[in-house]
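In what follows, a single structure is set out as structure tokens and then discussed.
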Amino acid sequence: RGYPEFVRTAQSYHGRPIFALFCGDKDAEGRSWCPDCVTAEPVVRKELHNLPDESVFIYCLVGDRAYWKDPNNEFRRSLKLTGVPTLLKYGTPQKLVEEECFKAELVRMLFTED
Amino acid sequence: SVQAHKEEDNPEKMMEVNGLSPVPHSYDYDLIVIGGGSGGLAAAKEAAKYEKKVMVLDFVTPTPQGSSWGLGGTCVNVGCIPKKLMHQAALLGQALQDSRKFGWQFTEEVKHNWMTMTESVQNYIGSLNWGYRVALRDTKVTYENAYGEFVGPHTIKATNKKGIEKLYTAERFIIATGERPRYLGIPGDKEYCISSDDLFSLPYCPGKTLVIGASYVALECAGFLAGLGLDVTVMVRSILLRGFDQDMANKIGEYMKEHGVSFIREFVPIKIEQVEEGAPGILKVTAKSTTGDQIIEGEYNTVLLAIGRDPCTRKIGLDKVGVNINEKTGKIPVNDEEQTNVPHIYAIGDILQGKLELTPVAIQAGRLLVRRLYAGAATKCDYVNVPTTVFTPLEYGACGYSEETAVEKFGEENIEVYHSHFWPLEWTVPSRDNNKCYAKIICNIQDNERVIGFHVLGPNAGEVTQGFAAAIKCGLTKEQLDNTIGIHPVCAEV
């Protein structure tokens, strides 16, 4: 959860392909403030079996709604995230943003193709 | 070994499963597009809009130096996009110099880092490659990274980079394979020279560079390399920018000469040798005069070939399906509906004979063709009065006839040329050249002084030209132009 923890985790897996899903924080009942994230998460989880061997999947909560709306938050600045949910292949320009994450076909393409 | 695509067995069943209407004659696809560049992708996406089953085959044969790239074709990967970004990098360098005169103070020397620029450019290109793949997948266009060739009238063999072959059939085909840089055919050219295919992803700064050629590719590359601070020489066999207005071409050459680019005119290279290995190494170039026996030699870190581009039409099995090509140039002749001599095979883009080699032309041709095929449209692509811009250090925008072509077609006595030098306001303070920017229009006296040619040499020429192109398409006359009040203070008001 949070940017520094994300970076530490990603660095600890240096050398392996890393896929990351960024979502808004969840409340006590496990529901995110971000409705698109609620829709996207099950789609992405269903495709996880298609991840290549040796790769790592990081699920990252970015923060609460106020933090996310701030245009200078670390995720926007350093990772260039423009929206949540974002699913990306770390270190490459390959990513899916918002409604693109709802589509199993696209998620599968991100996980399985070069 | 050859593996038949499994869909061939029961294509109609597959179609219904996918929710698309059945493909006639049990072909795998309604349309197969060979080439995933500007034209090919535009056509494929358009066809998908009409719920046709489409496949795009795109494959990049690596350059002699080993460079390759992703989906999107020349423009996106090794053409317009990286070129304009690097041109911008060079312009920014100039702007930094100018800025001191406008009051900006900085003490450090300003240097350029090739790797930083190249990485940023390649990163952007990567996001475009990915974007195209998402777009295709989203519109249910099948994309294969495989080399397509005809093996039968309705059958394509697709070979991927692992050598695995698959066969696909389609009712119709669009060939959009584009071109690749031509080599000289002299000793050392493939081993030691690079081309535009390699330049934009070069993993080291090219250093002292010799550019061979006088095409817009040569001059644009020479221009931005010099703008980034490199020592650049251009070796020209005869004239600059063949096919363009020569008056303008010479002005571009003069400007480049005065701004740090050396020219060696009327020489052709005959041998390239390696003096020292490295990234970059040192190459020795031997050249012979075209007008006498003189031989000269020079040493450079990098030799960039930009002598022309050849269509990728020789090895895609066109002979097997009877598609005619111009044997000498490799270009494909088509009728005004982009149809080859084989009715169900079409072609678009740079490979067409007698048509402009421009991305927007290929895109427009591709879209209109598909609309005619699948949406009952009748509009054909209009190849007349297409505007272009050459992004040399002093940019050149043009639309319509060059002065020479206008004289040839209408007769010198029937055309009137109006011209003017201008000094951009932004150039005054930093004391930049006051007599280099130039604009001219060519009018047809017999047709109400209609503007048939527009040429401008100056900053942002591309932006300036676009609007005038629309006006010319509407039949702009000199009188209408005179009656249009200018915006002040901009270059375009001239």
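Identifiers in the structure tokens: chain A, B, ... in order shown; residue index from 1 per chain; ligand index from 1 in order shown.
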
Sort by chain and increasing residue number a table of all residues of chain B within 9 Å of chain A, each with its closest pair of atoms and their distance in Å to one decimal, counting only C-alpha atoms, and write it as JSON lines.
{"residue": "B:Asn123", "atom": "CA", "partner": "A:Pro93", "partner_atom": "CA", "distance": 6.6}
{"residue": "B:Tyr124", "atom": "CA", "partner": "A:Pro93", "partner_atom": "CA", "distance": 7.7}
{"residue": "B:Ile125", "atom": "CA", "partner": "A:Pro93", "partner_atom": "CA", "distance": 8.8}
{"residue": "B:Gly126", "atom": "CA", "partner": "A:Pro93", "partner_atom": "CA", "distance": 5.8}
{"residue": "B:Ser127", "atom": "CA", "partner": "A:Pro93", "partner_atom": "CA", "distance": 4.9}
{"residue": "B:Leu128", "atom": "CA", "partner": "A:Pro93", "partner_atom": "CA", "distance": 8.6}
{"residue": "B:Asn129", "atom": "CA", "partner": "A:Gln94", "partner_atom": "CA", "distance": 8.9}
{"residue": "B:Trp130", "atom": "CA", "partner": "A:Gln94", "partner_atom": "CA", "distance": 5.9}
{"residue": "B:Gly131", "atom": "CA", "partner": "A:Gln94", "partner_atom": "CA", "distance": 8.2}
{"residue": "B:Arg133", "atom": "CA", "partner": "A:Met109", "partner_atom": "CA", "distance": 8.9}
{"residue": "B:Val134", "atom": "CA", "partner": "A:Leu106", "partner_atom": "CA", "distance": 6.7}
{"residue": "B:Arg137", "atom": "CA", "partner": "A:Leu106", "partner_atom": "CA", "distance": 6.9}
{"residue": "B:Asp138", "atom": "CA", "partner": "A:Leu106", "partner_atom": "CA", "distance": 7.3}

Write the residues of the selection above to a file with C-alpha atoms, as a PDB file, in the first residue's frame.
ATOM      1  CA  ASN B 123       9.496   5.208 -24.804  1.00  0.00           C
ATOM      2  CA  TYR B 124       6.850   7.296 -26.513  1.00  0.00           C
ATOM      3  CA  ILE B 125       7.017   5.086 -29.596  1.00  0.00           C
ATOM      4  CA  GLY B 126       6.591   2.043 -27.345  1.00  0.00           C
ATOM      5  CA  SER B 127       3.403   3.514 -25.955  1.00  0.00           C
ATOM      6  CA  LEU B 128       2.140   4.031 -29.516  1.00  0.00           C
ATOM      7  CA  ASN B 129       2.974   0.426 -30.468  1.00  0.00           C
ATOM      8  CA  TRP B 130       1.065  -0.770 -27.421  1.00  0.00           C
ATOM      9  CA  GLY B 131      -1.818   1.604 -28.128  1.00  0.00           C
ATOM     10  CA  ARG B 133      -2.294  -3.374 -30.252  1.00  0.00           C
ATOM     11  CA  VAL B 134      -4.944  -2.460 -27.706  1.00  0.00           C
ATOM     12  CA  ARG B 137      -7.684  -6.175 -29.992  1.00  0.00           C
ATOM     13  CA  ASP B 138     -10.493  -3.973 -28.788  1.00  0.00           C
TER      14      ASP B 138
END

Which neighbours of Ile34 in chain B fall inside 8 Å, counting only C-alpha atoms, when residues of the same chain fewer than 2 positions from it are skipped, and could you give them as a compact mmCIF listing (two decimals) with C-alpha atoms, in the first residue's frame?
# COMPACT_ATOMS: atom_id res chain seq x y z
CA ILE B 32 -6.39 -9.57 -44.73
CA GLY B 36 0.58 -2.75 -40.09
CA GLY B 40 -2.76 -0.84 -43.14
CA VAL B 56 -3.42 -7.57 -39.94
CA LEU B 57 -0.03 -9.09 -40.62
CA ASP B 58 2.92 -6.94 -39.65
CA GLY B 148 2.85 -12.47 -45.00
CA PHE B 173 -6.55 -8.36 -49.54
CA ILE B 174 -4.95 -4.97 -49.06
CA ILE B 175 -1.22 -4.72 -49.61
CA ALA B 176 0.27 -1.99 -47.43
CA THR B 177 3.81 -3.17 -47.02

Polymer residues at most 10 Å from range 319-325 of chain B, only C-alpha atoms, same-chain spacing of 4 or more positions, as a list in words:
Glu149, Phe150, Val151, Gly152, Pro153, His154, Thr155, Thr313, Arg314, Lys315, Thr329, Gly330, Lys331, Ile332, Pro333, Val334, Thr340, Asn341, Val342, Pro343, Ile345, Tyr346, Ile351, Leu352 and Gln353 of chain B

Store the residues picked out above, limited to C-alpha atoms, as a PDB file, in the first residue's frame.
ATOM      1  CA  GLU B 149       3.198 -13.736 -48.557  1.00  0.00           C
ATOM      2  CA  PHE B 150       0.737 -14.930 -51.147  1.00  0.00           C
ATOM      3  CA  VAL B 151       0.789 -18.649 -51.922  1.00  0.00           C
ATOM      4  CA  GLY B 152      -2.524 -18.831 -53.764  1.00  0.00           C
ATOM      5  CA  PRO B 153      -5.202 -16.492 -55.103  1.00  0.00           C
ATOM      6  CA  HIS B 154      -6.934 -16.267 -51.734  1.00  0.00           C
ATOM      7  CA  THR B 155      -4.308 -17.707 -49.454  1.00  0.00           C
ATOM      8  CA  THR B 313       6.845  -5.873 -52.939  1.00  0.00           C
ATOM      9  CA  ARG B 314       9.430  -8.250 -54.355  1.00  0.00           C
ATOM     10  CA  LYS B 315       9.193 -11.049 -51.815  1.00  0.00           C
ATOM     11  CA  THR B 329      10.878   0.384 -59.187  1.00  0.00           C
ATOM     12  CA  GLY B 330       8.885  -2.314 -57.412  1.00  0.00           C
ATOM     13  CA  LYS B 331       5.879  -0.005 -57.163  1.00  0.00           C
ATOM     14  CA  ILE B 332       2.361  -1.282 -57.736  1.00  0.00           C
ATOM     15  CA  PRO B 333       0.183   0.444 -60.324  1.00  0.00           C
ATOM     16  CA  VAL B 334      -3.454   0.785 -59.245  1.00  0.00           C
ATOM     17  CA  THR B 340      -4.462  -3.769 -58.592  1.00  0.00           C
ATOM     18  CA  ASN B 341      -4.868  -5.715 -61.809  1.00  0.00           C
ATOM     19  CA  VAL B 342      -6.253  -8.574 -59.679  1.00  0.00           C
ATOM     20  CA  PRO B 343      -9.767  -7.484 -58.701  1.00  0.00           C
ATOM     21  CA  ILE B 345      -6.363  -7.431 -54.287  1.00  0.00           C
ATOM     22  CA  TYR B 346      -5.881  -3.748 -53.414  1.00  0.00           C
ATOM     23  CA  ILE B 351       4.128   1.310 -52.539  1.00  0.00           C
ATOM     24  CA  LEU B 352       1.722   2.852 -55.041  1.00  0.00           C
ATOM     25  CA  GLN B 353       3.069   3.989 -58.365  1.00  0.00           C
TER      26      GLN B 353
END

Close residues, Arg76 in chain A itself excluded, 12 Å, only C-alpha atoms, min 5 positions apart in chain, as a ChimeraX atom specification:
/A:3,22,62,67-71,81-84,86

Could you pull out the residues in range 30-102 of chain A that DSSP calls helix (DSSP H, G or I) from the backbone, as number ranges by chain?
A: 35-50, 65-69, 74-78, 98-102

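Closest approach to Arg45 in chain A among A:Leu21, A:Ser32, A:Ser12, A:Pro4 is made by A:Leu21 (distances from only C-alpha atoms).
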
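For the residues B:Arg265, B:Lys45, B:Arg432, B:His488, ranking by smallest atom-to-atom distance to Gly253 in chain B using only C-alpha atoms places B:Arg265 first.
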
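With only C-alpha atoms taken into account, the protein and nucleic acid residues at most 9 Å from Val494 in chain B (excluding it and anything under 4 positions from it in its own chain) are B:Ser420, B:His421, B:Phe422, B:Ala439, B:Gly486, B:Val490.
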
Set the distance at 10 Å and use only C-alpha atoms: which residues neighbour Asp64 in chain A once local chain neighbours fewer than 4 positions away are removed? I'd like the list as an MDAnalysis selection string.
chainID A and resid 23:27 32:34 68:69

Which residues are close to Gly453 in chain B, i.e. within 12 Å by only C-alpha atoms, leaving aside same-chain residues fewer than 4 positions away? Reply as a VMD selection string.
chain B and resid 244 to 245 384 to 388 397 to 407 415 to 419 439 to 444 449 465 468 to 469 471 to 473 475 to 478

Hey, which of B:Arg309, B:His344, B:Lys208, B:Lys355 ends up closest to Leu373 in chain B? Count only C-alpha atoms.
B:His344

Select from range 228-334 of chain B everything DSSP, run on the backbone, classes as strand (DSSP E), then give the selection as number ranges by chain.
B: 232-236, 261-265, 267-276, 282-289, 295-300, 302-305, 309-311

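Here CA of Leu71 in chain B stands at a distance of 9.3 Å from CA of Leu41 in chain B.
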
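Shortest separation to Cys193 in chain B among B:Pro459, B:Gly366, B:Gly260, B:Gly281 occurs at residue B:Gly281, atoms counted being only C-alpha atoms.
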
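If you measure from each of B:Asp197, B:Glu171, B:Glu179, B:Glu51 to Leu31 in chain B using only C-alpha atoms, the closest one turns out to be B:Glu171.
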